[in-house]
Amino acid sequence: MVTRCDACPLRKRDLFVGMSDDEVRQTQRFKVGELTVEAGTPILTEGAHSAQLFTVLSGLGLRYSTLENGRRQVLSFVFPGDLIGLQGAVMAEMTHTVEARSRMRLCVFDRAALWNFLKHAPSRAYDLTWIAATEEHFLGEALTTVGQRTAEEAVAWALVKVWKRARALLLIDGSAMNLPFKQQDLADALGLSLVHTNKTLAKFRERQIATWRDGQLSVTDLDTLAAIGMVGTDDPPPRPLL
């Protein structure tokens, strides 16, 4: 069953800005279907052209860029509500890969219809600008983390960012959430070695601040973790949903 935009479960989350009835109808006309992919499936591939845009309805993924020698830079973790493929819609080809890390369900939009959609729903053009600006801001913050935070500060920063996003999406059960990424993914996001990342996570576990093992992240002292990472604990600001 394809989820109708007026019944989208994500719209009930406080994380997302409300939409007018007309915006919902326009978005429904723009949507062409849904796609379900399994963990490990590339959704968009670096260097490729894509005829589609996607909004993540459920599941988690990973954005990364790969050098010619095979080394990888993780750009961000992908959560429900994220729009993926916008870069390809504007620049003709992707400069990064997006891969599913759990079973994901995606709303599918026709890239060729994007400009016509914005023509008839101009308020959504602002939403796309907001999304693009937010991604740029996050990449700037991530670059600051890679360049200026210590390993302990960087890992704490990343765990708090993930935890706050999951909390806003109601993905946390008690004091734990499913986190189907690998510690190598975190290391590649922060410019750290896997050994250094593992040692830092072990310190947090020993101090009973946070534990990440067997695909589960548990945070037992968010305030301390945030203080180490020099980041706030407030929920992320409300964001548009396409």
# chains A, B, ... in the order shown; residues from 1 in each chain; ligands from 1
call {"tool": "residues_around", "arguments": {"residues": "Arg72 of chain A", "least_positions_apart": "2", "cutoff": "12 Å", "atoms": "only C-alpha atoms", "output": "PyMOL selection string"}}
result
chain A and resi 46+62-70+74-75+96-97+184-192
call {"tool": "residues_around", "arguments": {"residues": "Gln216 of chain A", "least_positions_apart": "5", "cutoff": "8 Å", "atoms": "only C-alpha atoms", "output": "list in words"}}
result
Ala176, Met177, Asn178, Leu179, Pro180 and Thr211 of chain A
call {"tool": "write_last_selection", "arguments": {"atoms": "C-alpha atoms", "output": "compact mmCIF listing (two decimals), in the first residue's frame"}}
result
# COMPACT_ATOMS: atom_id res chain seq x y z
CA ALA A 176 18.11 2.82 23.52
CA MET A 177 17.66 3.03 19.76
CA ASN A 178 18.46 0.81 16.79
CA LEU A 179 21.62 2.08 15.12
CA PRO A 180 22.44 -0.21 12.18
CA THR A 211 27.05 2.31 24.92
call {"tool": "residues_around", "arguments": {"residues": "Val108 of chain A", "least_positions_apart": "4", "cutoff": "8 Å", "atoms": "only C-alpha atoms", "output": "list in words"}}
result
Lys31, Val32, Gly33, Glu34, Leu35, Gln52, Leu53, Phe54 and Thr55 of chain A
call {"tool": "atom_distance", "arguments": {"atom1": "atom CA of His120 of chain A", "atom2": "atom CA of Leu57 of chain A"}}
result
23.9 Å
call {"tool": "closest_residue", "arguments": {"among": "A:Glu93, A:Asp235, A:Asp82, A:Asp22", "to": "Thr134 of chain A", "atoms": "only C-alpha atoms"}}
result
A:Asp82
call {"tool": "closest_residue", "arguments": {"among": "A:Glu141, A:Asp14, A:Asp234, A:Glu23", "to": "Leu118 of chain A", "atoms": "only C-alpha atoms"}}
result
A:Glu23
call {"tool": "select_by_dssp", "arguments": {"residues": "segment 39-71 of chain A", "states": "strand (DSSP E or B)", "output": "JSON, numbers by chain"}}
result
{"A": [42, 43, 44, 52, 53, 54, 55, 56, 57, 58, 61, 62, 63, 64, 65, 66]}
call {"tool": "write_last_selection", "arguments": {"atoms": "C-alpha atoms", "output": "CSV table (one decimal), in the first residue's frame"}}
result
chain,number,residue,atom,x,y,z
A,42,PRO,CA,22.8,1.7,-3.1
A,43,ILE,CA,19.9,4.1,-3.6
A,44,LEU,CA,21.9,6.7,-5.4
A,52,GLN,CA,14.2,10.4,-9.2
A,53,LEU,CA,14.3,12.2,-5.9
A,54,PHE,CA,13.4,10.4,-2.7
A,55,THR,CA,12.1,11.3,0.8
A,56,VAL,CA,12.9,8.7,3.4
A,57,LEU,CA,9.7,7.4,4.9
A,58,SER,CA,11.3,4.9,7.2
A,61,GLY,CA,21.0,5.2,5.4
A,62,LEU,CA,24.4,6.6,4.8
A,63,ARG,CA,25.8,9.3,2.5
A,64,TYR,CA,29.4,9.0,1.5
A,65,SER,CA,32.0,10.0,-1.1
A,66,THR,CA,34.8,7.8,-2.3
